[in-house]
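What's in entry05.csv: CSV, C-alpha atoms
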```
chain,number,residue,atom,x,y,z
A,1057,MET,CA,-30.5,-1.6,-8.7
A,1058,SER,CA,-29.0,-2.9,-11.9
A,1059,PRO,CA,-30.0,-1.1,-15.1
A,1060,GLY,CA,-29.4,-4.4,-16.9
A,1061,LEU,CA,-32.6,-5.7,-15.3
A,1062,THR,CA,-34.8,-3.5,-17.4
A,1063,ARG,CA,-35.0,-2.1,-20.8
A,1064,ILE,CA,-36.2,1.2,-22.1
A,1065,SER,CA,-40.0,1.4,-22.9
A,1066,LEU,CA,-41.3,1.8,-26.4
A,1067,VAL,CA,-42.2,5.4,-25.6
A,1068,GLN,CA,-38.7,6.1,-24.4
A,1069,GLN,CA,-37.3,4.4,-27.5
A,1070,GLY,CA,-39.5,6.4,-29.8
A,1071,ILE,CA,-38.5,9.7,-28.2
A,1072,ILE,CA,-34.8,8.9,-28.2
A,1073,ALA,CA,-34.9,7.9,-31.9
A,1074,GLN,CA,-36.8,11.0,-32.8
A,1075,ASN,CA,-34.4,13.2,-30.9
A,1076,GLU,CA,-31.4,11.4,-32.4
A,1077,PHE,CA,-32.8,11.9,-35.9
A,1078,ALA,CA,-33.4,15.6,-35.1
A,1079,LYS,CA,-29.8,16.0,-33.8
A,1080,LEU,CA,-28.2,14.4,-36.8
A,1081,LEU,CA,-30.2,16.6,-39.2
A,1082,MET,CA,-29.5,19.8,-37.3
A,1083,MET,CA,-25.8,19.1,-36.8
A,1084,GLY,CA,-25.3,17.5,-40.2
A,1085,SER,CA,-26.7,20.5,-42.0
A,1086,ARG,CA,-24.7,22.9,-39.7
A,1087,GLY,CA,-28.0,24.4,-38.5
A,1088,LEU,CA,-29.6,24.8,-41.9
A,1089,ILE,CA,-32.3,22.3,-41.3
A,1090,GLU,CA,-35.2,23.1,-38.9
A,1091,LEU,CA,-37.5,20.5,-37.5
A,1092,ALA,CA,-41.0,20.9,-36.2
A,1093,ALA,CA,-43.0,18.3,-34.3
A,1094,PRO,CA,-46.8,18.3,-35.1
A,1095,LEU,CA,-49.0,19.0,-32.2
A,1096,THR,CA,-51.1,16.0,-33.1
A,1097,ASP,CA,-50.0,12.8,-34.8
A,1098,GLU,CA,-53.0,12.1,-36.9
A,1099,GLU,CA,-51.1,12.0,-40.2
A,1100,ARG,CA,-48.2,9.8,-39.1
A,1101,ARG,CA,-45.7,12.6,-39.4
A,1102,ASP,CA,-43.1,12.7,-36.6
A,1103,PHE,CA,-41.4,15.8,-38.0
A,1104,GLU,CA,-41.9,18.5,-40.6
A,1105,VAL,CA,-38.4,19.3,-41.9
A,1106,HIS,CA,-37.5,22.4,-43.8
A,1107,LEU,CA,-34.5,24.5,-44.8
A,1108,HIS,CA,-34.0,27.6,-42.6
A,1109,GLY,CA,-35.7,30.6,-44.2
A,1110,ILE,CA,-37.5,28.6,-46.9
A,1111,PHE,CA,-41.3,28.6,-46.7
A,1112,GLY,CA,-43.8,26.4,-48.5
A,1113,LEU,CA,-41.7,23.2,-48.9
A,1114,ALA,CA,-41.3,20.8,-46.1
A,1115,LEU,CA,-40.5,17.1,-45.9
A,1116,ALA,CA,-42.6,15.0,-43.5
A,1117,VAL,CA,-40.8,12.2,-41.9
A,1118,GLN,CA,-41.8,9.2,-39.9
A,1119,VAL,CA,-39.1,7.8,-37.7
A,1120,LYS,CA,-38.8,4.0,-36.9
A,1121,SER,CA,-36.2,2.3,-34.8
A,1122,VAL,CA,-35.2,-1.1,-33.5
A,1123,LEU,CA,-33.1,-2.0,-30.5
A,1124,GLU,CA,-31.7,-5.3,-32.0
A,1125,LEU,CA,-30.7,-6.7,-35.3
A,1126,GLY,CA,-31.8,-10.0,-36.7
A,1127,ASP,CA,-29.8,-12.5,-38.7
A,1128,LEU,CA,-32.5,-14.2,-40.8
A,1129,GLY,CA,-30.7,-17.5,-40.3
A,1130,GLY,CA,-27.4,-16.4,-41.9
A,1131,LYS,CA,-24.4,-14.3,-40.9
A,1132,ALA,CA,-25.7,-11.0,-42.3
A,1133,ARG,CA,-27.3,-8.7,-39.8
A,1134,TYR,CA,-30.6,-7.3,-40.7
A,1135,LEU,CA,-32.7,-4.3,-39.6
A,1136,ARG,CA,-36.2,-5.7,-39.5
A,1137,THR,CA,-39.3,-3.9,-38.4
A,1138,ARG,CA,-43.0,-4.6,-39.0
A,1139,PHE,CA,-45.7,-2.0,-38.8
A,1140,ILE,CA,-49.4,-1.7,-39.5
A,1141,VAL,CA,-51.2,1.3,-41.1
A,1142,ARG,CA,-54.9,1.8,-41.3
A,1143,ALA,CA,-55.6,1.9,-45.0
A,1144,SER,CA,-57.4,5.2,-44.8
A,1145,ARG,CA,-54.4,6.8,-43.3
A,1146,LEU,CA,-51.7,5.5,-45.7
A,1147,VAL,CA,-49.9,8.4,-47.2
A,1148,SER,CA,-47.9,7.9,-50.4
A,1149,ASP,CA,-46.4,11.3,-51.3
A,1150,PRO,CA,-43.1,12.4,-52.6
A,1151,LEU,CA,-42.8,14.7,-49.6
A,1152,PHE,CA,-43.5,11.9,-47.1
A,1153,TRP,CA,-40.4,9.8,-46.1
A,1154,TYR,CA,-39.6,7.0,-43.7
A,1155,PHE,CA,-36.5,6.9,-41.6
A,1156,PHE,CA,-35.3,3.5,-40.2
A,1157,ALA,CA,-32.4,3.0,-37.8
A,1158,PHE,CA,-30.8,0.6,-35.4
A,1159,LEU,CA,-30.5,2.3,-32.0
A,1160,ASP,CA,-27.6,0.4,-30.6
A,1161,PRO,CA,-28.0,-0.1,-26.8
A,1162,LYS,CA,-24.3,-0.5,-26.3
A,1163,THR,CA,-23.1,2.7,-27.9
A,1164,MET,CA,-26.4,4.5,-27.2
A,1165,ARG,CA,-26.5,6.0,-30.7
A,1166,PHE,CA,-27.7,5.0,-34.2
A,1167,ALA,CA,-25.4,2.5,-36.0
A,1168,ASP,CA,-24.5,2.9,-39.6
A,1169,PRO,CA,-26.1,2.6,-42.0
A,1170,THR,CA,-29.5,4.1,-41.5
A,1171,PHE,CA,-32.2,4.3,-44.2
A,1172,LEU,CA,-34.2,7.2,-45.6
A,1173,VAL,CA,-36.9,5.8,-47.9
A,1174,PRO,CA,-39.6,7.7,-49.9
A,1175,SER,CA,-43.0,6.6,-48.9
A,1176,LEU,CA,-43.9,5.6,-52.4
A,1177,GLN,CA,-41.0,3.1,-52.7
A,1178,MET,CA,-41.6,1.9,-49.1
A,1179,HIS,CA,-45.2,1.1,-49.6
A,1180,GLU,CA,-44.4,-0.8,-52.9
A,1181,ALA,CA,-41.4,-2.7,-51.7
A,1182,ALA,CA,-41.8,-3.5,-48.0
A,1183,ASN,CA,-43.9,-6.7,-48.5
A,1184,PRO,CA,-47.2,-4.9,-48.3
A,1185,THR,CA,-50.2,-7.2,-47.4
A,1186,ARG,CA,-53.7,-6.0,-46.8
A,1187,ARG,CA,-55.8,-7.4,-44.0
A,1188,GLY,CA,-59.2,-5.9,-43.7
A,1189,GLY,CA,-58.8,-2.2,-43.3
A,1190,PHE,CA,-55.1,-2.3,-42.6
A,1191,TRP,CA,-51.9,-2.5,-44.5
A,1192,ASN,CA,-49.0,-4.6,-43.0
A,1193,PHE,CA,-45.4,-3.7,-44.0
A,1194,THR,CA,-42.2,-5.5,-43.2
A,1195,PHE,CA,-39.0,-3.5,-43.8
A,1196,GLU,CA,-36.0,-5.9,-43.9
A,1197,ALA,CA,-32.7,-4.3,-44.8
A,1198,SER,CA,-29.2,-5.7,-44.6
A,1199,MET,CA,-26.7,-3.8,-42.4
A,1200,GLU,CA,-23.7,-5.4,-44.1
A,1201,PRO,CA,-21.4,-3.1,-46.1
A,1202,GLY,CA,-21.2,-5.5,-49.1
A,1203,SER,CA,-24.9,-6.0,-49.4
A,1204,HIS,CA,-26.8,-5.4,-52.7
A,1205,ASP,CA,-30.4,-5.7,-51.4
A,1206,ARG,CA,-33.2,-3.4,-52.6
A,1207,TRP,CA,-32.7,-0.9,-49.8
A,1208,VAL,CA,-29.1,-0.1,-50.7
A,1209,PRO,CA,-30.0,3.1,-52.6
A,1210,TYR,CA,-31.6,4.5,-49.5
A,1211,ARG,CA,-28.7,3.8,-47.1
A,1212,VAL,CA,-27.3,6.9,-45.3
A,1213,ASN,CA,-24.5,7.0,-42.8
A,1214,THR,CA,-25.5,8.9,-39.7
A,1215,LEU,CA,-23.0,11.7,-40.3
A,1216,ASP,CA,-24.3,12.2,-43.9
A,1217,LEU,CA,-28.0,12.5,-42.9
A,1218,GLY,CA,-28.1,16.3,-42.9
A,1219,ASN,CA,-26.6,16.5,-46.3
A,1220,ARG,CA,-28.9,13.9,-47.7
A,1221,ALA,CA,-32.0,15.6,-46.3
A,1222,MET,CA,-30.9,18.9,-47.7
A,1223,ALA,CA,-30.3,17.3,-51.2
A,1224,ILE,CA,-33.8,15.8,-51.1
A,1225,MET,CA,-35.4,19.1,-50.2
A,1226,ARG,CA,-33.4,21.0,-52.8
A,1227,GLY,CA,-34.4,18.5,-55.4
A,1228,GLN,CA,-38.1,18.8,-54.4
A,1229,ARG,CA,-37.8,22.6,-54.5
A,1230,LEU,CA,-36.5,22.6,-58.1
A,1231,GLY,CA,-39.4,20.4,-59.1
A,1232,ALA,CA,-41.9,22.6,-57.4
A,1233,GLU,CA,-40.4,25.8,-59.0
A,1234,ALA,CA,-40.5,24.2,-62.5
A,1235,SER,CA,-44.2,23.3,-61.9
A,1236,HIS,CA,-45.0,27.0,-61.4
A,1237,LEU,CA,-44.0,27.6,-65.0
A,1238,LEU,CA,-47.1,25.7,-66.1
A,1239,ALA,CA,-49.2,28.4,-64.5
A,1240,LEU,CA,-47.7,31.2,-66.6
A,1241,PRO,CA,-49.8,32.5,-69.6
A,1242,ASP,CA,-48.7,31.9,-73.1
A,1243,ILE,CA,-46.1,29.3,-72.3
A,1244,VAL,CA,-45.5,26.7,-75.0
A,1245,TRP,CA,-43.8,23.5,-74.0
A,1246,VAL,CA,-41.4,22.0,-76.6
A,1247,ARG,CA,-40.1,18.6,-76.0
A,1248,LYS,CA,-37.4,16.5,-77.7
A,1249,HIS,CA,-38.5,13.1,-78.9
B,728,MET,CA,-23.9,28.7,-41.1
B,729,ALA,CA,-23.3,27.2,-37.7
B,730,LEU,CA,-25.7,25.7,-35.2
B,731,SER,CA,-27.7,28.4,-33.4
B,732,SER,CA,-27.3,28.5,-29.6
B,733,ILE,CA,-30.9,27.4,-29.4
B,734,GLN,CA,-30.2,24.3,-31.5
B,735,GLN,CA,-27.1,23.6,-29.6
B,736,GLY,CA,-28.9,23.8,-26.3
B,737,LEU,CA,-31.7,21.5,-27.5
B,738,ILE,CA,-29.3,18.9,-28.9
B,739,ALA,CA,-27.3,18.9,-25.6
B,740,GLN,CA,-30.6,18.3,-23.7
B,741,TYR,CA,-31.6,15.5,-26.1
B,742,GLU,CA,-28.2,13.8,-25.6
B,743,TYR,CA,-28.4,14.1,-21.9
B,744,ALA,CA,-31.9,12.6,-21.8
B,745,LYS,CA,-30.8,9.8,-24.2
B,746,PHE,CA,-27.8,8.7,-22.1
B,747,LEU,CA,-29.9,8.9,-18.9
B,748,MET,CA,-32.7,6.8,-20.3
B,749,MET,CA,-30.6,4.2,-22.1
B,750,GLY,CA,-27.9,4.1,-19.5
B,751,SER,CA,-30.4,3.3,-16.8
B,752,GLY,CA,-32.1,0.6,-18.8
B,753,GLY,CA,-35.2,2.8,-18.9
B,754,LEU,CA,-35.4,3.3,-15.2
B,755,LEU,CA,-34.9,7.1,-15.3
B,756,GLU,CA,-37.7,9.3,-16.5
B,757,LEU,CA,-37.1,13.0,-17.4
B,758,ALA,CA,-39.6,15.8,-17.4
B,759,ALA,CA,-39.0,19.3,-18.9
B,760,PRO,CA,-40.6,22.1,-16.9
B,761,MET,CA,-43.3,24.1,-18.7
B,762,THR,CA,-41.4,27.3,-17.7
B,763,ASP,CA,-37.7,27.8,-17.1
B,764,ASP,CA,-38.0,30.3,-14.2
B,765,GLU,CA,-36.0,28.2,-11.9
B,766,ARG,CA,-33.1,27.3,-14.2
B,767,ARG,CA,-34.1,23.6,-14.3
B,768,ASP,CA,-33.8,22.0,-17.7
B,769,TYR,CA,-35.0,18.6,-16.5
B,770,GLU,CA,-36.6,17.0,-13.4
B,771,ILE,CA,-35.4,13.5,-13.2
B,772,HIS,CA,-36.9,10.6,-11.2
B,773,ILE,CA,-36.9,6.9,-11.0
B,774,ARG,CA,-39.8,5.3,-12.8
B,775,GLY,CA,-42.7,4.6,-10.4
B,776,ARG,CA,-41.1,6.4,-7.5
B,777,TYR,CA,-42.4,9.7,-6.0
B,778,GLY,CA,-40.9,12.3,-3.8
B,779,VAL,CA,-37.2,12.3,-4.8
B,780,GLY,CA,-36.3,14.1,-8.0
B,781,LEU,CA,-33.1,15.6,-9.3
B,782,ALA,CA,-33.1,18.9,-11.2
B,783,SER,CA,-30.4,19.4,-13.8
B,784,GLN,CA,-29.2,22.4,-15.7
B,785,ILE,CA,-27.3,21.5,-18.9
B,786,LYS,CA,-24.4,23.5,-20.4
B,787,SER,CA,-22.5,22.6,-23.5
B,788,ALA,CA,-19.7,23.9,-25.7
B,789,THR,CA,-19.1,23.0,-29.4
B,790,HIS,CA,-15.3,23.5,-29.3
B,791,LEU,CA,-12.5,22.8,-26.9
B,792,HIS,CA,-9.7,25.3,-25.9
B,793,ARG,CA,-6.0,24.6,-25.9
B,794,MET,CA,-4.8,26.3,-22.7
B,795,SER,CA,-1.4,24.6,-23.0
B,796,LYS,CA,0.3,22.7,-25.7
B,797,ASN,CA,-1.3,19.3,-25.4
B,798,VAL,CA,-4.2,19.8,-23.1
B,799,ARG,CA,-7.7,20.4,-24.3
B,800,TYR,CA,-10.1,22.1,-22.0
B,801,LEU,CA,-13.8,22.4,-21.8
B,802,LEU,CA,-14.4,26.1,-21.1
B,803,ILE,CA,-17.9,27.3,-20.2
B,804,GLN,CA,-18.8,30.6,-18.7
B,805,PHE,CA,-22.2,31.9,-17.7
B,806,ASP,CA,-23.8,34.3,-15.3
B,807,VAL,CA,-26.8,34.1,-12.9
B,808,ARG,CA,-28.7,36.8,-11.2
B,809,ALA,CA,-27.9,36.6,-7.5
B,810,ASP,CA,-31.5,36.2,-6.5
B,811,ARG,CA,-31.9,33.2,-8.9
B,812,LEU,CA,-28.8,31.3,-7.7
B,813,ILE,CA,-29.8,27.9,-6.4
B,814,ASN,CA,-27.6,25.9,-3.9
B,815,ASN,CA,-29.4,22.7,-3.3
B,816,PRO,CA,-28.3,19.1,-3.0
B,817,PHE,CA,-31.1,18.2,-5.5
B,818,PHE,CA,-29.9,20.7,-8.1
B,819,TRP,CA,-27.0,19.6,-10.3
B,820,TYR,CA,-25.1,21.0,-13.3
B,821,PHE,CA,-24.2,18.9,-16.3
B,822,PHE,CA,-21.4,20.1,-18.6
B,823,ALA,CA,-20.4,18.5,-21.9
B,824,PHE,CA,-18.5,19.0,-25.1
B,825,LEU,CA,-20.9,18.6,-28.1
B,826,ASP,CA,-18.5,17.4,-30.7
B,827,PRO,CA,-19.5,18.7,-34.2
B,828,LYS,CA,-17.5,16.0,-36.0
B,829,MET,CA,-19.0,13.0,-34.1
B,830,MET,CA,-22.4,14.8,-33.8
B,831,GLY,CA,-22.7,13.8,-30.2
B,832,LEU,CA,-21.4,14.4,-26.7
B,833,GLY,CA,-17.7,13.7,-26.2
B,834,ASP,CA,-16.1,12.0,-23.2
B,835,PRO,CA,-15.7,12.9,-20.4
B,836,CYS,CA,-18.6,15.0,-19.3
B,837,PHE,CA,-19.1,16.5,-15.9
B,838,LEU,CA,-21.9,16.1,-13.4
B,839,ILE,CA,-21.5,18.6,-10.5
B,840,PRO,CA,-23.7,19.4,-7.4
B,841,SER,CA,-24.7,23.1,-7.5
B,842,THR,CA,-23.1,23.9,-4.2
B,843,ASP,CA,-19.7,22.5,-5.2
B,844,PHE,CA,-19.9,24.2,-8.6
B,845,HIS,CA,-20.7,27.6,-7.2
B,846,GLU,CA,-17.8,27.4,-4.8
B,847,MET,CA,-15.2,26.1,-7.3
B,848,ALA,CA,-16.0,27.9,-10.5
B,849,ALA,CA,-14.2,31.1,-9.9
B,850,PRO,CA,-17.3,33.0,-8.7
B,851,ARG,CA,-17.3,36.8,-9.1
B,852,MET,CA,-20.3,39.0,-8.2
B,853,ARG,CA,-20.9,42.3,-10.1
B,854,ASN,CA,-24.0,44.4,-9.9
B,855,GLY,CA,-26.2,41.7,-8.4
B,856,VAL,CA,-25.0,39.1,-10.9
B,857,TRP,CA,-22.8,36.0,-10.3
B,858,TYR,CA,-20.2,35.2,-13.0
B,859,PHE,CA,-18.9,31.6,-13.2
B,860,LYS,CA,-16.2,30.1,-15.3
B,861,MET,CA,-15.5,26.4,-15.6
B,862,ALA,CA,-12.3,25.2,-17.3
B,863,ALA,CA,-11.9,21.4,-17.0
B,864,SER,CA,-9.3,19.3,-18.7
B,865,MET,CA,-10.6,16.7,-21.1
B,866,GLU,CA,-7.4,14.7,-21.0
B,867,PRO,CA,-7.7,11.2,-19.7
B,868,LYS,CA,-4.9,11.4,-17.1
B,869,THR,CA,-5.6,14.8,-15.6
B,870,ARG,CA,-6.1,15.4,-11.9
B,871,ASP,CA,-7.6,18.9,-11.9
B,872,MET,CA,-10.3,20.1,-9.5
B,873,TRP,CA,-13.1,18.8,-11.7
B,874,HIS,CA,-11.7,15.3,-12.0
B,875,PRO,CA,-14.0,13.8,-9.3
B,876,TYR,CA,-17.0,14.9,-11.3
B,877,ARG,CA,-16.1,13.2,-14.5
B,878,VAL,CA,-18.5,10.7,-16.1
B,879,ARG,CA,-18.3,8.9,-19.4
B,880,THR,CA,-21.4,9.4,-21.4
B,881,ILE,CA,-22.3,5.7,-21.3
B,882,ASP,CA,-22.1,5.7,-17.5
B,883,LEU,CA,-24.4,8.7,-17.0
B,884,GLY,CA,-27.5,6.7,-16.3
B,885,GLU,CA,-25.9,4.6,-13.6
B,886,ARG,CA,-24.3,7.7,-12.1
B,887,VAL,CA,-27.6,9.5,-11.8
B,888,LEU,CA,-29.2,6.3,-10.3
B,889,ASP,CA,-26.4,6.3,-7.6
B,890,ILE,CA,-26.9,10.0,-6.9
B,891,LEU,CA,-30.7,9.6,-6.5
B,892,ALA,CA,-30.1,6.6,-4.1
B,893,GLU,CA,-27.7,8.7,-2.0
B,894,LEU,CA,-30.0,11.6,-1.9
B,895,LYS,CA,-32.9,9.4,-0.9
B,896,LYS,CA,-30.8,8.0,2.0
B,897,SER,CA,-29.8,11.4,3.2
B,898,ARG,CA,-33.3,12.7,3.0
B,899,ALA,CA,-34.8,9.7,4.9
B,900,LEU,CA,-37.8,11.0,6.9
B,901,PRO,CA,-40.4,9.1,8.8
B,902,PRO,CA,-43.7,8.6,6.9
B,903,SER,CA,-45.6,11.9,6.9
B,904,GLY,CA,-48.7,10.1,8.3
B,905,LEU,CA,-46.9,9.8,11.6
B,906,PHE,CA,-47.1,13.6,12.1
B,907,ALA,CA,-50.9,13.4,12.0
B,908,LEU,CA,-51.0,11.1,15.0
B,909,PRO,CA,-51.8,12.6,18.4
B,910,ASP,CA,-49.0,12.9,21.0
B,911,VAL,CA,-46.2,12.1,18.6
B,912,VAL,CA,-42.9,14.0,19.3
B,913,LEU,CA,-40.2,14.0,16.7
B,914,LEU,CA,-36.7,13.8,18.1
B,915,ARG,CA,-33.8,14.4,15.7
B,916,ARG,CA,-30.0,14.1,16.2
B,917,ARG,CA,-28.0,17.3,15.4
```
Using structure tokens, write down the structure that the file contains.
Amino acid sequence: MSPGLTRISLVQQGIIAQNEFAKLLMMGSRGLIELAAPLTDEERRDFEVHLHGIFGLALAVQVKSVLELGDLGGKARYLRTRFIVRASRLVSDPLFWYFFAFLDPKTMRFADPTFLVPSLQMHEAANPTRRGGFWNFTFEASMEPGSHDRWVPYRVNTLDLGNRAMAIMRGQRLGAEASHLLALPDIVWVRKH
Amino acid sequence: MALSSIQQGLIAQYEYAKFLMMGSGGLLELAAPMTDDERRDYEIHIRGRYGVGLASQIKSATHLHRMSKNVRYLLIQFDVRADRLINNPFFWYFFAFLDPKMMGLGDPCFLIPSTDFHEMAAPRMRNGVWYFKMAASMEPKTRDMWHPYRVRTIDLGERVLDILAELKKSRALPPSGLFALPDVVLLRRR
């Protein structure tokens, strides 16, 4: 039986991509990042990601992958994926991020670069169109090293994913800690103009 | 901080599952038992087929040993309670180096039938517990005792498909419905 006759199913692809993402976060953070998979997928979170020993702040991530790249008619290779979200389930939150990657069938791992995109930017920039009760998004990012497309700021090489996720969470944590100051009594805010 | 042994074990299992699924073009399906009482990490079968499944136990190391000047070895030691030792053609061990730099399994890895492994891995019994030690060279040209069990990660899927096909042949039995027929006598060559 030749394996070349078949290809992995969408379910297999989804699981492999999620596991690969989890592996790169755990190994890339030297074990500092912990991941939890929700028991139900009603909120479109594939993982809750937090730093070991830190409570109260977790990143939610939705993982999307493709098994082939497109060329959009030119020489540049593009990671292109379309997806639909019920409008009532669309989450735009600083703690909700998308992860996009090309799962290369030859090397059987993610190719560089991958993309870690905040949901707010994603929902604004990924050609959103609304049809009835659904939002359609098309994510189209160049995989070429010299590209200057809109998704360049969100590029991450696979070996850097752990560090990037830790930096995002630490940034969010600082913001959250600063916001607690607002709750203190007798605080006066002074701001430079 | 380093990876915990639980994280390491989970990642090695993810990698094994990935290479089996992708390397078989999606033909292999894996199932994780709800309990780990029998030392099986995965039950593996070919999609849509029933009756023949391979059980695998996965062991990994995150560093290699230099036992001589230029030779890197995968060294893995573990113990098993004697009453839980399984020697069965359907039970296989998978050993691999989980490379922290590449963040993935390194080549080669090793797929070994349980019976072969238990004989060859320097078994020692103490107080009802078997101790095993596997030291396999990772060098391309080596011809050590583990050489026949080497597999490249990208070949794992096809290798497991071959193993399942061989096991199916060796286990070929007449359809079980035959036994229900009256006056049927089963003759078997020894």
| request: Rounded to one decimal place, report the atom CA of Ile813 of chain B-atom CA of Glu846 of chain B distance in Å. | output: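 For atom CA of Ile813 of chain B relative to atom CA of Glu846 of chain B, the distance reads 12.1 Å.
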| message | Only residues of chain B matter here; which ones have an atom within 7 Å of chain A, counting only C-alpha atoms? Give them as a list in words. | response | Met728, Ala729, Leu730, Ser731, Ile738, Tyr741, Lys745, Phe746, Met748, Met749, Ser751, Gly752, Gly753, Leu754, Pro827 and Met830 of chain B
| request: In the coordinates of the file, take the point (-43.0, 13.6, -38.9) and a cut-off of 8 Å; then, counting only C-alpha atoms, name each qualifying protein, DNA or RNA residue as number ranges by chain. | output: A: 1093-1094, 1100-1105, 1116-1119
| In Å, with one decimal, what is the gap from atom CA of Leu1128 of chain A to atom CA of Arg1187 of chain A? |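 For atom CA of Leu1128 of chain A relative to atom CA of Arg1187 of chain A, the distance reads 24.5 Å.
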| said: Here's a test: counting only C-alpha atoms, identify every protein, DNA and RNA residue with an atom at most 12 Å from (-32.3, 5.1, -40.2) in the file's coordinate frame, and state them as a ChimeraX atom specification. | reply: /A:1073-1074,1076-1078,1080-1081,1117-1122,1135-1137,1153-1160,1165-1173,1195,1197,1199,1207,1210-1217
Where atoms are lacking, segment 813-832 of chain B completed to N, CA and C atoms, as an mmCIF file, in the coordinates of the input:
```
data_model
loop_
_atom_site.group_PDB
_atom_site.id
_atom_site.type_symbol
_atom_site.label_atom_id
_atom_site.label_comp_id
_atom_site.auth_asym_id
_atom_site.auth_seq_id
_atom_site.Cartn_x
_atom_site.Cartn_y
_atom_site.Cartn_z
ATOM 1 N N ILE B 813 -29.270 28.959 -7.167
ATOM 2 C CA ILE B 813 -29.800 27.900 -6.400
ATOM 3 C C ILE B 813 -28.675 26.969 -5.858
ATOM 4 N N ASN B 814 -28.535 26.892 -4.535
ATOM 5 C CA ASN B 814 -27.600 25.900 -3.900
ATOM 6 C C ASN B 814 -28.455 24.890 -3.238
ATOM 7 N N ASN B 815 -28.540 23.735 -3.833
ATOM 8 C CA ASN B 815 -29.400 22.700 -3.300
ATOM 9 C C ASN B 815 -28.867 21.336 -3.645
ATOM 10 N N PRO B 816 -28.863 20.392 -2.715
ATOM 11 C CA PRO B 816 -28.300 19.100 -3.000
ATOM 12 C C PRO B 816 -29.108 18.362 -4.170
ATOM 13 N N PHE B 817 -30.299 18.846 -4.438
ATOM 14 C CA PHE B 817 -31.100 18.200 -5.500
ATOM 15 C C PHE B 817 -30.962 18.946 -6.845
ATOM 16 N N PHE B 818 -30.105 19.955 -6.857
ATOM 17 C CA PHE B 818 -29.900 20.700 -8.100
ATOM 18 C C PHE B 818 -28.452 20.499 -8.573
ATOM 19 N N TRP B 819 -28.286 19.928 -9.756
ATOM 20 C CA TRP B 819 -27.000 19.600 -10.300
ATOM 21 C C TRP B 819 -26.764 20.223 -11.670
ATOM 22 N N TYR B 820 -25.483 20.487 -11.958
ATOM 23 C CA TYR B 820 -25.100 21.000 -13.300
ATOM 24 C C TYR B 820 -24.535 19.804 -14.108
ATOM 25 N N PHE B 821 -24.825 19.847 -15.396
ATOM 26 C CA PHE B 821 -24.200 18.900 -16.300
ATOM 27 C C PHE B 821 -23.480 19.694 -17.400
ATOM 28 N N PHE B 822 -22.184 19.419 -17.564
ATOM 29 C CA PHE B 822 -21.400 20.100 -18.600
ATOM 30 C C PHE B 822 -20.814 19.128 -19.558
ATOM 31 N N ALA B 823 -20.863 19.497 -20.836
ATOM 32 C CA ALA B 823 -20.400 18.500 -21.900
ATOM 33 C C ALA B 823 -19.886 19.241 -23.097
ATOM 34 N N PHE B 824 -19.034 18.525 -23.801
ATOM 35 C CA PHE B 824 -18.500 19.000 -25.100
ATOM 36 C C PHE B 824 -19.409 18.315 -26.169
ATOM 37 N N LEU B 825 -20.077 19.140 -26.966
ATOM 38 C CA LEU B 825 -20.900 18.600 -28.100
ATOM 39 C C LEU B 825 -20.020 18.640 -29.319
ATOM 40 N N ASP B 826 -19.533 17.482 -29.674
ATOM 41 C CA ASP B 826 -18.500 17.400 -30.700
ATOM 42 C C ASP B 826 -19.185 17.478 -32.117
ATOM 43 N N PRO B 827 -18.866 18.534 -32.867
ATOM 44 C CA PRO B 827 -19.500 18.700 -34.200
ATOM 45 C C PRO B 827 -19.132 17.628 -35.175
ATOM 46 N N LYS B 828 -17.929 17.032 -35.015
ATOM 47 C CA LYS B 828 -17.500 16.000 -36.000
ATOM 48 C C LYS B 828 -18.278 14.681 -35.703
ATOM 49 N N MET B 829 -18.324 14.294 -34.437
ATOM 50 C CA MET B 829 -19.000 13.000 -34.100
ATOM 51 C C MET B 829 -20.513 13.213 -33.975
ATOM 52 N N MET B 830 -20.951 14.475 -33.957
ATOM 53 C CA MET B 830 -22.400 14.800 -33.800
ATOM 54 C C MET B 830 -22.948 14.141 -32.538
ATOM 55 N N GLY B 831 -22.242 14.331 -31.456
ATOM 56 C CA GLY B 831 -22.700 13.800 -30.200
ATOM 57 C C GLY B 831 -21.812 14.298 -29.062
ATOM 58 N N LEU B 832 -22.157 13.931 -27.837
ATOM 59 C CA LEU B 832 -21.400 14.400 -26.700
ATOM 60 C C LEU B 832 -20.035 13.626 -26.657
#
```
